[in-house]
Every structure is written in C-alpha cells, then in structure tokens.
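Trainee: Below is the file query.pdb, with PDB, C-alpha atoms.
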```pdb
ATOM      1  CA  MET K   1      72.742  15.477 -52.577
ATOM      2  CA  PRO K   2      69.636  15.009 -50.415
ATOM      3  CA  TYR K   3      66.629  13.156 -51.826
ATOM      4  CA  LYS K   4      62.933  13.597 -51.075
ATOM      5  CA  ARG K   5      60.001  11.235 -51.404
ATOM      6  CA  CYS K   6      57.787  12.058 -54.368
ATOM      7  CA  GLY K   7      54.347  12.569 -52.849
ATOM      8  CA  ARG K   8      53.159   9.376 -51.197
ATOM      9  CA  SER K   9      54.988   7.116 -53.657
ATOM     10  CA  GLY K  10      58.014   4.936 -53.049
ATOM     11  CA  LEU K  11      60.215   7.020 -55.363
ATOM     12  CA  LEU K  12      62.864   9.421 -54.103
ATOM     13  CA  LEU K  13      64.046  12.295 -56.292
ATOM     14  CA  PRO K  14      67.134  14.468 -55.854
ATOM     15  CA  ARG K  15      66.375  17.933 -54.585
ATOM     16  CA  ILE K  16      68.055  19.300 -57.719
ATOM     17  CA  SER K  17      67.306  17.647 -61.085
ATOM     18  CA  LEU K  18      68.719  18.496 -64.507
ATOM     19  CA  GLY K  19      66.452  19.533 -67.367
ATOM     20  CA  LEU K  20      67.607  19.270 -70.977
ATOM     21  CA  TRP K  21      65.264  21.934 -72.384
ATOM     22  CA  HIS K  22      68.120  24.146 -73.613
ATOM     23  CA  ASN K  23      71.798  23.569 -74.503
ATOM     24  CA  PHE K  24      71.493  19.851 -75.295
ATOM     25  CA  GLY K  25      70.190  20.105 -78.856
ATOM     26  CA  GLY K  26      71.732  19.226 -82.174
ATOM     27  CA  VAL K  27      73.044  22.789 -82.526
ATOM     28  CA  ASP K  28      74.931  22.552 -79.222
ATOM     29  CA  SER K  29      78.274  21.014 -78.266
ATOM     30  CA  LEU K  30      77.987  17.284 -77.610
ATOM     31  CA  GLU K  31      81.122  17.296 -75.467
ATOM     32  CA  ASN K  32      79.780  20.114 -73.302
ATOM     33  CA  ALA K  33      76.490  18.234 -72.895
ATOM     34  CA  ARG K  34      78.433  15.122 -71.934
ATOM     35  CA  THR K  35      80.497  17.048 -69.390
ATOM     36  CA  MET K  36      77.351  18.461 -67.794
ATOM     37  CA  ILE K  37      75.473  15.158 -67.612
ATOM     38  CA  ARG K  38      78.444  13.205 -66.280
ATOM     39  CA  GLY K  39      79.297  15.960 -63.804
ATOM     40  CA  ALA K  40      75.702  16.177 -62.589
ATOM     41  CA  PHE K  41      75.436  12.416 -62.088
ATOM     42  CA  ASP K  42      78.774  12.291 -60.264
ATOM     43  CA  ARG K  43      77.370  14.871 -57.836
ATOM     44  CA  GLY K  44      74.174  12.989 -57.032
ATOM     45  CA  ILE K  45      71.773  14.315 -59.657
ATOM     46  CA  THR K  46      70.086  11.085 -60.685
ATOM     47  CA  HIS K  47      67.094  12.610 -62.481
ATOM     48  CA  PHE K  48      67.341  13.866 -66.075
ATOM     49  CA  ASP K  49      64.231  15.442 -67.567
ATOM     50  CA  LEU K  50      63.510  15.624 -71.306
ATOM     51  CA  ALA K  51      60.607  16.061 -73.717
ATOM     52  CA  ASN K  52      60.007  14.983 -77.286
ATOM     53  CA  ASN K  53      60.406  18.525 -78.645
ATOM     54  CA  TYR K  54      63.529  19.607 -76.745
ATOM     55  CA  GLY K  55      66.384  20.725 -78.995
ATOM     56  CA  PRO K  56      66.667  22.494 -81.317
ATOM     57  CA  PRO K  57      65.826  20.868 -83.594
ATOM     58  CA  ALA K  58      62.928  19.054 -81.937
ATOM     59  CA  GLY K  59      63.950  15.586 -80.810
ATOM     60  CA  SER K  60      67.663  16.297 -80.796
ATOM     61  CA  ALA K  61      68.015  16.651 -77.017
ATOM     62  CA  GLU K  62      66.775  13.068 -76.658
ATOM     63  CA  SER K  63      69.208  11.968 -79.364
ATOM     64  CA  THR K  64      72.049  13.745 -77.561
ATOM     65  CA  PHE K  65      71.083  12.131 -74.285
ATOM     66  CA  GLY K  66      70.868   8.759 -76.031
ATOM     67  CA  GLN K  67      74.445   9.084 -77.301
ATOM     68  CA  ILE K  68      75.734  10.014 -73.854
ATOM     69  CA  PHE K  69      73.690   7.269 -72.209
ATOM     70  CA  LYS K  70      75.135   4.660 -74.571
ATOM     71  CA  GLN K  71      78.679   5.931 -74.111
ATOM     72  CA  ASP K  72      78.716   6.517 -70.358
ATOM     73  CA  LEU K  73      75.576   5.586 -68.453
ATOM     74  CA  VAL K  74      74.345   2.154 -69.560
ATOM     75  CA  PRO K  75      75.931   0.416 -66.527
ATOM     76  CA  TYR K  76      74.083   2.854 -64.264
ATOM     77  CA  ARG K  77      70.584   2.575 -65.764
ATOM     78  CA  ASP K  78      69.069   1.365 -62.492
ATOM     79  CA  GLU K  79      70.508   4.408 -60.698
ATOM     80  CA  LEU K  80      68.845   6.873 -63.077
ATOM     81  CA  ILE K  81      65.409   8.481 -63.298
ATOM     82  CA  ILE K  82      64.842   9.483 -66.933
ATOM     83  CA  SER K  83      61.676  11.292 -67.951
ATOM     84  CA  SER K  84      60.129  12.521 -71.167
ATOM     85  CA  LYS K  85      56.917  14.228 -72.218
ATOM     86  CA  ALA K  86      54.583  14.788 -75.147
ATOM     87  CA  GLY K  87      52.012  17.496 -75.722
ATOM     88  CA  TYR K  88      53.503  20.254 -77.842
ATOM     89  CA  ASP K  89      53.937  20.408 -81.611
ATOM     90  CA  MET K  90      56.319  17.660 -82.728
ATOM     91  CA  TRP K  91      55.545  16.589 -86.307
ATOM     92  CA  PRO K  92      53.300  17.794 -89.168
ATOM     93  CA  GLY K  93      49.685  16.830 -89.533
ATOM     94  CA  PRO K  94      46.822  16.385 -87.079
ATOM     95  CA  TYR K  95      48.484  13.692 -84.938
ATOM     96  CA  GLY K  96      51.657  15.519 -83.885
ATOM     97  CA  GLU K  97      50.599  17.460 -80.786
ATOM     98  CA  TRP K  98      48.192  17.807 -77.839
ATOM     99  CA  GLY K  99      46.785  14.849 -75.895
ATOM    100  CA  SER K 100      45.278  12.127 -78.068
ATOM    101  CA  ARG K 101      46.065   8.483 -77.430
ATOM    102  CA  LYS K 102      47.464   8.290 -80.967
ATOM    103  CA  TYR K 103      49.937  11.109 -80.369
ATOM    104  CA  LEU K 104      51.103  10.227 -76.855
ATOM    105  CA  ILE K 105      51.878   6.573 -77.562
ATOM    106  CA  ALA K 106      53.486   7.252 -80.951
ATOM    107  CA  SER K 107      55.588  10.037 -79.460
ATOM    108  CA  LEU K 108      56.890   7.898 -76.613
ATOM    109  CA  ASP K 109      57.825   5.145 -79.066
ATOM    110  CA  GLN K 110      59.880   7.703 -80.994
ATOM    111  CA  SER K 111      61.460   9.048 -77.786
ATOM    112  CA  LEU K 112      62.542   5.579 -76.677
ATOM    113  CA  LYS K 113      64.232   5.001 -80.024
ATOM    114  CA  ARG K 114      66.056   8.334 -79.885
ATOM    115  CA  MET K 115      67.332   7.663 -76.374
ATOM    116  CA  GLY K 116      68.060   3.976 -76.890
ATOM    117  CA  LEU K 117      65.908   2.995 -73.916
ATOM    118  CA  GLU K 118      63.483   0.166 -73.263
ATOM    119  CA  TYR K 119      61.436   2.378 -70.942
ATOM    120  CA  VAL K 120      61.393   5.798 -69.295
ATOM    121  CA  ASP K 121      60.963   6.116 -65.570
ATOM    122  CA  ILE K 122      58.405   8.934 -65.850
ATOM    123  CA  PHE K 123      56.278   9.932 -68.825
ATOM    124  CA  TYR K 124      54.233  13.140 -68.797
ATOM    125  CA  SER K 125      51.307  14.651 -70.577
ATOM    126  CA  HIS K 126      53.116  17.929 -71.292
ATOM    127  CA  ARG K 127      50.032  20.166 -71.293
ATOM    128  CA  PHE K 128      46.294  19.977 -70.779
ATOM    129  CA  ASP K 129      44.386  19.481 -74.025
ATOM    130  CA  PRO K 130      41.003  21.273 -73.896
ATOM    131  CA  ASP K 131      39.731  19.484 -77.012
ATOM    132  CA  THR K 132      40.526  15.868 -76.085
ATOM    133  CA  PRO K 133      38.573  14.079 -73.329
ATOM    134  CA  LEU K 134      40.753  13.843 -70.251
ATOM    135  CA  GLU K 135      39.662  10.216 -70.019
ATOM    136  CA  GLU K 136      41.443   9.525 -73.319
ATOM    137  CA  THR K 137      44.662  11.286 -72.313
ATOM    138  CA  MET K 138      44.846   9.631 -68.895
ATOM    139  CA  GLY K 139      43.839   6.304 -70.422
ATOM    140  CA  ALA K 140      46.801   6.561 -72.783
ATOM    141  CA  LEU K 141      49.150   7.247 -69.860
ATOM    142  CA  SER K 142      47.811   4.223 -68.014
ATOM    143  CA  SER K 143      48.234   2.034 -71.117
ATOM    144  CA  ILE K 144      51.843   3.203 -71.444
ATOM    145  CA  VAL K 145      52.606   1.932 -67.940
ATOM    146  CA  GLN K 146      50.759  -1.350 -68.580
ATOM    147  CA  GLN K 147      52.806  -1.820 -71.759
ATOM    148  CA  GLY K 148      56.047  -1.433 -69.780
ATOM    149  CA  LYS K 149      57.111   1.717 -71.638
ATOM    150  CA  ALA K 150      57.093   3.833 -68.454
ATOM    151  CA  LEU K 151      57.265   3.037 -64.754
ATOM    152  CA  TYR K 152      55.347   6.117 -63.630
ATOM    153  CA  VAL K 153      53.281   8.870 -65.223
ATOM    154  CA  GLY K 154      52.705  12.523 -64.509
ATOM    155  CA  ILE K 155      51.218  15.726 -65.848
ATOM    156  CA  SER K 156      52.763  19.117 -66.563
ATOM    157  CA  SER K 157      51.290  22.623 -66.352
ATOM    158  CA  TYR K 158      47.726  21.402 -65.696
ATOM    159  CA  PRO K 159      45.485  23.878 -63.808
ATOM    160  CA  PRO K 160      44.202  22.798 -60.367
ATOM    161  CA  GLU K 161      40.736  21.634 -61.472
ATOM    162  CA  GLN K 162      42.044  19.528 -64.354
ATOM    163  CA  THR K 163      44.841  18.222 -62.134
ATOM    164  CA  LYS K 164      42.366  16.900 -59.595
ATOM    165  CA  LYS K 165      40.307  15.186 -62.286
ATOM    166  CA  ALA K 166      43.401  13.684 -63.943
ATOM    167  CA  ILE K 167      44.556  12.273 -60.602
ATOM    168  CA  GLU K 168      41.142  10.705 -60.021
ATOM    169  CA  LEU K 169      41.059   9.137 -63.503
ATOM    170  CA  LEU K 170      44.535   7.674 -63.171
ATOM    171  CA  ARG K 171      43.756   6.288 -59.734
ATOM    172  CA  LYS K 172      40.635   4.557 -61.098
ATOM    173  CA  ALA K 173      42.742   3.106 -63.914
ATOM    174  CA  GLY K 174      45.150   1.605 -61.382
ATOM    175  CA  THR K 175      48.018   3.880 -62.435
ATOM    176  CA  PRO K 176      48.454   6.569 -59.761
ATOM    177  CA  CYS K 177      49.671   9.993 -60.845
ATOM    178  CA  LEU K 178      53.205  10.235 -59.501
ATOM    179  CA  ILE K 179      54.022  13.884 -60.096
ATOM    180  CA  HIS K 180      53.072  17.270 -61.479
ATOM    181  CA  GLN K 181      55.604  19.500 -63.254
ATOM    182  CA  PRO K 182      54.603  23.181 -63.153
ATOM    183  CA  SER K 183      56.599  26.379 -63.550
ATOM    184  CA  TYR K 184      57.397  28.054 -60.220
ATOM    185  CA  SER K 185      59.762  30.730 -58.969
ATOM    186  CA  MET K 186      59.879  33.778 -56.701
ATOM    187  CA  LEU K 187      58.495  35.742 -59.645
ATOM    188  CA  ASN K 188      55.909  33.159 -60.775
ATOM    189  CA  ARG K 189      53.769  31.818 -57.944
ATOM    190  CA  TRP K 190      50.651  30.592 -59.741
ATOM    191  CA  ILE K 191      50.826  27.144 -58.170
ATOM    192  CA  GLU K 192      50.118  28.645 -54.743
ATOM    193  CA  ASP K 193      46.591  29.518 -55.920
ATOM    194  CA  GLY K 194      45.078  26.063 -55.526
ATOM    195  CA  LEU K 195      47.488  23.635 -57.197
ATOM    196  CA  THR K 196      49.753  22.934 -54.216
ATOM    197  CA  GLN K 197      46.671  22.236 -52.092
ATOM    198  CA  VAL K 198      45.446  19.642 -54.608
ATOM    199  CA  LEU K 199      48.857  17.961 -54.753
ATOM    200  CA  ASP K 200      49.174  17.865 -50.964
ATOM    201  CA  GLU K 201      45.687  16.424 -50.520
ATOM    202  CA  GLU K 202      46.182  13.791 -53.214
ATOM    203  CA  GLY K 203      49.741  12.816 -52.254
ATOM    204  CA  VAL K 204      51.225  13.750 -55.631
ATOM    205  CA  GLY K 205      54.807  14.963 -56.000
ATOM    206  CA  CYS K 206      55.827  18.294 -57.503
ATOM    207  CA  ILE K 207      58.931  19.043 -59.557
ATOM    208  CA  VAL K 208      59.148  22.678 -60.618
ATOM    209  CA  PHE K 209      60.680  24.058 -63.804
ATOM    210  CA  SER K 210      62.066  27.540 -64.451
ATOM    211  CA  PRO K 211      62.870  28.127 -60.751
ATOM    212  CA  LEU K 212      65.402  30.741 -61.908
ATOM    213  CA  ALA K 213      62.814  32.480 -64.117
ATOM    214  CA  GLN K 214      64.658  31.654 -67.355
ATOM    215  CA  GLY K 215      67.921  32.878 -65.822
ATOM    216  CA  LEU K 216      66.517  36.186 -64.581
ATOM    217  CA  LEU K 217      67.170  35.131 -60.974
ATOM    218  CA  THR K 218      70.907  34.754 -61.506
ATOM    219  CA  ASN K 219      73.808  37.195 -61.509
ATOM    220  CA  ARG K 220      73.755  37.442 -65.315
ATOM    221  CA  TYR K 221      71.400  40.417 -65.534
ATOM    222  CA  LEU K 222      72.323  42.479 -62.475
ATOM    223  CA  SER K 223      74.021  45.201 -64.528
ATOM    224  CA  ASP K 224      73.742  44.398 -68.243
ATOM    225  CA  ILE K 225      72.616  41.771 -70.778
ATOM    226  CA  PRO K 226      75.552  39.522 -71.759
ATOM    227  CA  SER K 227      75.778  38.765 -75.471
ATOM    228  CA  ASP K 228      75.773  35.015 -74.793
ATOM    229  CA  SER K 229      72.856  35.112 -72.347
ATOM    230  CA  ARG K 230      69.465  33.489 -72.837
ATOM    231  CA  ALA K 231      67.774  36.892 -73.061
ATOM    232  CA  SER K 232      69.940  37.894 -76.010
ATOM    233  CA  ARG K 233      69.074  34.814 -78.061
ATOM    234  CA  ASN K 234      65.887  33.225 -76.708
ATOM    235  CA  HIS K 235      62.252  34.190 -77.196
ATOM    236  CA  PHE K 236      61.252  32.914 -73.749
ATOM    237  CA  LEU K 237      63.065  35.822 -72.040
ATOM    238  CA  LYS K 238      62.725  39.161 -73.801
ATOM    239  CA  THR K 239      65.554  41.709 -73.659
ATOM    240  CA  GLU K 240      63.045  44.541 -73.372
ATOM    241  CA  ARG K 241      61.849  43.086 -70.074
ATOM    242  CA  ILE K 242      65.240  43.700 -68.473
ATOM    243  CA  THR K 243      64.933  47.385 -67.629
ATOM    244  CA  ASN K 244      67.064  49.467 -65.275
ATOM    245  CA  GLU K 245      64.219  49.369 -62.758
ATOM    246  CA  LEU K 246      64.095  45.568 -62.875
ATOM    247  CA  GLN K 247      67.867  45.307 -62.480
ATOM    248  CA  GLN K 248      67.659  47.518 -59.410
ATOM    249  CA  GLN K 249      65.187  45.118 -57.794
ATOM    250  CA  LEU K 250      67.257  42.095 -58.819
ATOM    251  CA  ARG K 251      70.269  43.674 -57.118
ATOM    252  CA  ALA K 252      68.168  44.073 -53.970
ATOM    253  CA  LEU K 253      67.375  40.348 -54.075
ATOM    254  CA  ASN K 254      71.045  39.660 -54.658
ATOM    255  CA  ASP K 255      71.889  41.618 -51.496
ATOM    256  CA  ILE K 256      69.588  39.362 -49.457
ATOM    257  CA  ALA K 257      71.255  36.326 -51.000
ATOM    258  CA  GLY K 258      74.691  37.707 -50.144
ATOM    259  CA  ASN K 259      73.672  38.136 -46.514
ATOM    260  CA  ARG K 260      72.687  34.449 -46.528
ATOM    261  CA  GLY K 261      76.064  33.463 -47.983
ATOM    262  CA  GLN K 262      74.430  32.503 -51.271
ATOM    263  CA  SER K 263      74.392  33.623 -54.884
ATOM    264  CA  LEU K 264      71.077  34.914 -56.232
ATOM    265  CA  ALA K 265      70.549  31.639 -58.125
ATOM    266  CA  GLN K 266      71.219  29.599 -55.003
ATOM    267  CA  MET K 267      68.744  31.631 -52.974
ATOM    268  CA  ALA K 268      66.106  31.369 -55.718
ATOM    269  CA  LEU K 269      66.453  27.583 -55.679
ATOM    270  CA  SER K 270      66.432  27.430 -51.886
ATOM    271  CA  TRP K 271      63.252  29.523 -51.955
ATOM    272  CA  VAL K 272      61.301  27.072 -54.143
ATOM    273  CA  LEU K 273      62.678  24.087 -52.216
ATOM    274  CA  HIS K 274      61.525  25.777 -48.994
ATOM    275  CA  ASN K 275      57.943  25.119 -50.136
ATOM    276  CA  PRO K 276      57.023  21.772 -48.505
ATOM    277  CA  THR K 277      55.011  20.684 -51.568
ATOM    278  CA  VAL K 278      58.073  20.839 -53.839
ATOM    279  CA  THR K 279      59.892  17.543 -54.277
ATOM    280  CA  SER K 280      62.632  18.728 -56.631
ATOM    281  CA  ALA K 281      63.709  21.767 -58.632
ATOM    282  CA  LEU K 282      64.600  21.370 -62.300
ATOM    283  CA  ILE K 283      67.545  23.457 -63.391
ATOM    284  CA  GLY K 284      68.911  24.190 -66.832
ATOM    285  CA  ALA K 285      72.569  24.874 -67.509
ATOM    286  CA  SER K 286      75.001  25.805 -70.246
ATOM    287  CA  ARG K 287      78.111  24.674 -68.371
ATOM    288  CA  LEU K 288      79.012  22.383 -65.489
ATOM    289  CA  GLU K 289      80.018  25.245 -63.192
ATOM    290  CA  GLN K 290      76.409  26.449 -63.147
ATOM    291  CA  ILE K 291      75.220  23.014 -62.044
ATOM    292  CA  ILE K 292      77.772  22.890 -59.242
ATOM    293  CA  ASP K 293      76.679  26.351 -58.088
ATOM    294  CA  CYS K 294      73.017  25.306 -58.082
ATOM    295  CA  ILE K 295      73.671  22.117 -56.109
ATOM    296  CA  ALA K 296      75.047  24.221 -53.245
ATOM    297  CA  SER K 297      71.545  25.650 -52.725
ATOM    298  CA  VAL K 298      70.501  22.503 -50.851
ATOM    299  CA  GLU K 299      72.872  23.411 -48.036
ATOM    300  CA  ASN K 300      70.545  26.181 -46.833
ATOM    301  CA  GLU K 301      66.837  25.787 -47.591
ATOM    302  CA  GLN K 302      65.636  27.629 -44.490
ATOM    303  CA  PHE K 303      64.434  31.251 -44.404
ATOM    304  CA  ASP K 304      63.505  33.391 -41.441
ATOM    305  CA  ASP K 305      60.376  35.541 -41.468
ATOM    306  CA  GLN K 306      62.332  38.737 -42.047
ATOM    307  CA  GLU K 307      63.990  37.321 -45.174
ATOM    308  CA  LEU K 308      60.685  36.085 -46.577
ATOM    309  CA  ARG K 309      58.999  39.449 -45.992
ATOM    310  CA  ALA K 310      61.885  41.292 -47.644
ATOM    311  CA  ILE K 311      61.779  38.984 -50.662
ATOM    312  CA  ASP K 312      58.000  39.377 -50.966
ATOM    313  CA  ALA K 313      58.286  43.165 -50.856
ATOM    314  CA  ILE K 314      60.869  43.221 -53.655
ATOM    315  CA  VAL K 315      58.897  40.764 -55.777
ATOM    316  CA  ALA K 316      55.794  42.924 -55.330
ATOM    317  CA  GLN K 317      57.769  45.850 -56.740
ATOM    318  CA  ILE K 318      58.924  43.716 -59.695
ATOM    319  CA  GLN K 319      55.333  42.699 -60.472
ATOM    320  CA  THR K 320      54.421  46.368 -60.971
ATOM    321  CA  LEU K 321      57.137  46.998 -63.580
TER     322      LEU K 321
END
```
How does the structure come out when it is put into structure tokens?
Mentor:
Amino acid sequence: MPYKRCGRSGLLLPRISLGLWHNFGGVDSLENARTMIRGAFDRGITHFDLANNYGPPAGSAESTFGQIFKQDLVPYRDELIISSKAGYDMWPGPYGEWGSRKYLIASLDQSLKRMGLEYVDIFYSHRFDPDTPLEETMGALSSIVQQGKALYVGISSYPPEQTKKAIELLRKAGTPCLIHQPSYSMLNRWIEDGLTQVLDEEGVGCIVFSPLAQGLLTNRYLSDIPSDSRASRNHFLKTERITNELQQQLRALNDIAGNRGQSLAQMALSWVLHNPTVTSALIGASRLEQIIDCIASVENEQFDDQELRAIDAIVAQIQTL
C-alpha cells in the first residue's frame, strides 16, 4: 500500500482508506465487519473513517468499531488513523445537528465513548452550517485539538468559498486545517470547479468519498440490479436511475477498464487517485473481497490521453440521461 502526504502536513495517508458509512451498523454482522477491518489493516489500510451518525442506527458504526478496536487493534493504536465527524442530525432537540460549538464538542465526547478512544486522529465538521458563524464552528474544532480530543481537524463537503474562509480561521487559531473530505468520482466532478484550486493553494489534503458513485461504478449494475445491491435497498442510489441506457454506458466504461487490465471499480479508483490534489480515496465495502479488489487499483494510477478522452466522452453521455 503506497502512502501520500496529506497536503503540506507531516501526516501520510494510505491511498485507499476504509469508510464505515454502510455495512458496519448495529443491523449488520459484527463478524463480517471484523473480517473487513482486520483484513484491510493487514493489507496496509491504516485509515478508518467514521461519523457520529453512521449505522444504522445512528452511532452504531462507532460502537461496532469500538468493539473491534478493543478486541483486535488496541496494540496497534499508534499505527492507526481514526476519524469521525459531526454535522448531521444525531439526537432530538435543537443541539443535535449542524455546526454549533455545543453540538460538535458534545458529539465528539459521545463518539469517543462509543469507540473506547482517548482521542481521534482527525475530527471533521461534516457539513457547512449556513446559520452558525463559521468563526464558532472553526473555533470549536480548534478547541477540540487544544483539549487533546483530536490530533487534526478537517471539513467535509464545504463549497470553495467557505473552505477558503475556514482554512484562514483555523490557521489564525493555530490549528491548521489538515484535510477536506468531498464527494468525487468520474460521474461527480464538482470539486474541479474551484475547490481543488483552493486546496492546492492552501496546502490542504483531500480525501474523497463515493469514488465508486455509491457502487454504480462497479460490475454490479452492468446488466441488472442484484437483489442484495445498494440500489435495491438504499435511498442514496435509486433503482429508477439504473436504466438500460445507463447500463450501456457503464459497459463502455467497463470495456476501457478491461483494456487496462482492471475491473470497472479499480479504474474508477485509479481515476480519482490520478488527480494530483487527491490524497486518498475512501471506499465502502460489504465483504473483504471488495476491499482486496479496490486495493489493486493503486498498481496503475496512470492514464494516457486517449483513455481520458474516451472516459470523458462516455461520462458526458451519462450526464444527459
């Protein structure tokens, strides 16, 4: 597993990191979660990404990770990068979401208890809060580092303008912004419209989530919709989106991947990692074999101009569907 420096910091992250958004909740198999986390770590994935509301139910992914950490990973704590976030709805009442100091600090305290940790390596503001002064949100992140509850802080899904201001506020507070976590894939390129330029100029790392477009950029939907797939049971990927026309374009992308000696998922990961701004790609998985397949993407991150043009042409067709 290769590692890359996160912006201009001293921290290296694996090129592939494991996110616990799905399949690590209280409704999922603990033994399968344990197999995936242990297998990922054994193969050089040192970074595990969580959030307070991951599950379901909310909070249960952190509890699952905490059980596995206690059982298997305590001796390796100094070899791990563990992150969590707060920003989305977590508990009832006016203090259970968004970006207030009250919510962020209380949420991290709860996350640490669920995971059985003294600190997280990275703590994020999970989304920009338009109704809370950015000074308050960034001030809370800085306080969290000063209190020893996190080593680094970052932001997730912030637009370019708010990202630049957040970076400036954290720098003034003496707590540099380590990293930004946006969504990014062949089919979702919003970060190329200003955000990557801000991150490059400011020396901030970038770890992207949903690089496989919620599983769309895998071999699962090339011909049908499997009954156990994310599209069949998850509101983030709608079954009605997967039309015959879309599948035809996905098969065209798969042909390019095959000519590269890769699966479609491997090529999709190589494509995001090909962007020099991207430090690491966050993958999700439902079984260890998927993680192993994704790790192989780091063996070929280079694309020639013909491949990039062909991919762009197919993606342009997909955008019109």
Trainee: Once the PyMOL selection byres ((chain K and resi 209) around 10) has been evaluated on this model, what residues remain selected, and can you format them as a PyMOL selection string?
Mentor: chain K and resi 17-19+21+156-157+181-185+206-208+210-214+280-284
Trainee: Mind writing the picked residues with C-alpha atoms as an mmCIF file, in the frame of the given file?
Mentor:
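Resulting contents of result28.cif:
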```cif
data_model
loop_
_atom_site.group_PDB
_atom_site.id
_atom_site.type_symbol
_atom_site.label_atom_id
_atom_site.label_comp_id
_atom_site.auth_asym_id
_atom_site.auth_seq_id
_atom_site.Cartn_x
_atom_site.Cartn_y
_atom_site.Cartn_z
ATOM 1 C CA SER K 17 67.306 17.647 -61.085
ATOM 2 C CA LEU K 18 68.719 18.496 -64.507
ATOM 3 C CA GLY K 19 66.452 19.533 -67.367
ATOM 4 C CA TRP K 21 65.264 21.934 -72.384
ATOM 5 C CA SER K 156 52.763 19.117 -66.563
ATOM 6 C CA SER K 157 51.290 22.623 -66.352
ATOM 7 C CA GLN K 181 55.604 19.500 -63.254
ATOM 8 C CA PRO K 182 54.603 23.181 -63.153
ATOM 9 C CA SER K 183 56.599 26.379 -63.550
ATOM 10 C CA TYR K 184 57.397 28.054 -60.220
ATOM 11 C CA SER K 185 59.762 30.730 -58.969
ATOM 12 C CA CYS K 206 55.827 18.294 -57.503
ATOM 13 C CA ILE K 207 58.931 19.043 -59.557
ATOM 14 C CA VAL K 208 59.148 22.678 -60.618
ATOM 15 C CA SER K 210 62.066 27.540 -64.451
ATOM 16 C CA PRO K 211 62.870 28.127 -60.751
ATOM 17 C CA LEU K 212 65.402 30.741 -61.908
ATOM 18 C CA ALA K 213 62.814 32.480 -64.117
ATOM 19 C CA GLN K 214 64.658 31.654 -67.355
ATOM 20 C CA SER K 280 62.632 18.728 -56.631
ATOM 21 C CA ALA K 281 63.709 21.767 -58.632
ATOM 22 C CA LEU K 282 64.600 21.370 -62.300
ATOM 23 C CA ILE K 283 67.545 23.457 -63.391
ATOM 24 C CA GLY K 284 68.911 24.190 -66.832
#
```
Trainee: Mind telling me what the PyMOL selection byres ((chain K and resi 119) around 9) catches here, as a PyMOL selection string?
Mentor: chain K and resi 82+112+117-118+120-122+148-151
Trainee: Using all atoms listed in the file for the distances, tell me which of K:Arg5, K:Ala252, K:Arg15, K:Tyr76 is nearest to Ser297 of chain K.
Mentor: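 So, comparing all the options, the nearest one is K:Arg15.
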Trainee: Which one is closest to Leu288 of chain K: K:Met90, K:Leu250, K:Ile37, K:Leu170? Count only C-alpha atoms.
Mentor: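 Checking each candidate against Leu288 of chain K, we get K:Ile37 as the closest.
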Trainee: When the PyMOL selection byres ((chain K and resi 167) around 9) is applied to the structure above, which residues does it catch, written out as a PyMOL selection string?
Mentor: chain K and resi 138+162-166+168-172+176-178+202+204
Trainee: Just C-alpha atoms for this one: save the residues we selected as a PDB file, in the coordinates of the input.
Mentor:
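What ended up in result.pdb:
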```
ATOM      1  CA  MET K 138      44.846   9.631 -68.895  1.00  0.00           C
ATOM      2  CA  GLN K 162      42.044  19.528 -64.354  1.00  0.00           C
ATOM      3  CA  THR K 163      44.841  18.222 -62.134  1.00  0.00           C
ATOM      4  CA  LYS K 164      42.366  16.900 -59.595  1.00  0.00           C
ATOM      5  CA  LYS K 165      40.307  15.186 -62.286  1.00  0.00           C
ATOM      6  CA  ALA K 166      43.401  13.684 -63.943  1.00  0.00           C
ATOM      7  CA  GLU K 168      41.142  10.705 -60.021  1.00  0.00           C
ATOM      8  CA  LEU K 169      41.059   9.137 -63.503  1.00  0.00           C
ATOM      9  CA  LEU K 170      44.535   7.674 -63.171  1.00  0.00           C
ATOM     10  CA  ARG K 171      43.756   6.288 -59.734  1.00  0.00           C
ATOM     11  CA  LYS K 172      40.635   4.557 -61.098  1.00  0.00           C
ATOM     12  CA  PRO K 176      48.454   6.569 -59.761  1.00  0.00           C
ATOM     13  CA  CYS K 177      49.671   9.993 -60.845  1.00  0.00           C
ATOM     14  CA  LEU K 178      53.205  10.235 -59.501  1.00  0.00           C
ATOM     15  CA  GLU K 202      46.182  13.791 -53.214  1.00  0.00           C
ATOM     16  CA  VAL K 204      51.225  13.750 -55.631  1.00  0.00           C
TER      17      VAL K 204
END
```
Trainee: Which residues, written as a PyMOL selection string, have at least one atom at most 7 Å from segment 187-195 of chain K, with all atoms listed in the file counted and residues fewer than 3 positions away on the same chain left out?
Mentor: chain K and resi 159-160+184+198-199+315
Trainee: Nearest to Ile81 of chain K: which of K:Phe41, K:Tyr221, K:Trp271, K:Phe303 is it, counting all atoms listed in the file?
Mentor: K:Phe41
Trainee: List the spatial neighbours of Arg34 of chain K as a ChimeraX atom specification - criterion: any atom at most 10 Å away, only C-alpha atoms, same-chain residues fewer than 5 positions off excluded.
Mentor: /K:24,29,39-40,64-65,67-69,71-72,288
Trainee: Excluding segment 54-58 of chain K and its own-chain neighbours fewer than 5 positions away, which residues fall within 10 Å of it when counting all atoms listed in the file? Please give them as JSON, numbers by chain.
Mentor: {"K": [19, 20, 21, 22, 23, 24, 25, 26, 27, 28, 63, 64, 84, 85, 89, 90, 91]}
Trainee: Between atom CA of Ala313 of chain K and atom CA of Asn300 of chain K, measure the distance and give it in Å to one decimal.
Mentor: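 Computed distance, atom CA of Ala313 of chain K to atom CA of Asn300 of chain K, equals 21.3 Å.
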Trainee: Choose the residue, out of K:Gln197, K:Thr175, K:Leu321, K:Thr218, that has the smallest atom-to-atom separation from Arg241 of chain K; count all atoms listed in the file.
Mentor: K:Leu321
Trainee: Could you please determine the separation between atom CA of Glu299 of chain K and atom CA of Arg43 of chain K in Å, to one decimal place?
Mentor: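 Atom-to-atom, atom CA of Glu299 of chain K and atom CA of Arg43 of chain K are spaced 13.8 Å apart.
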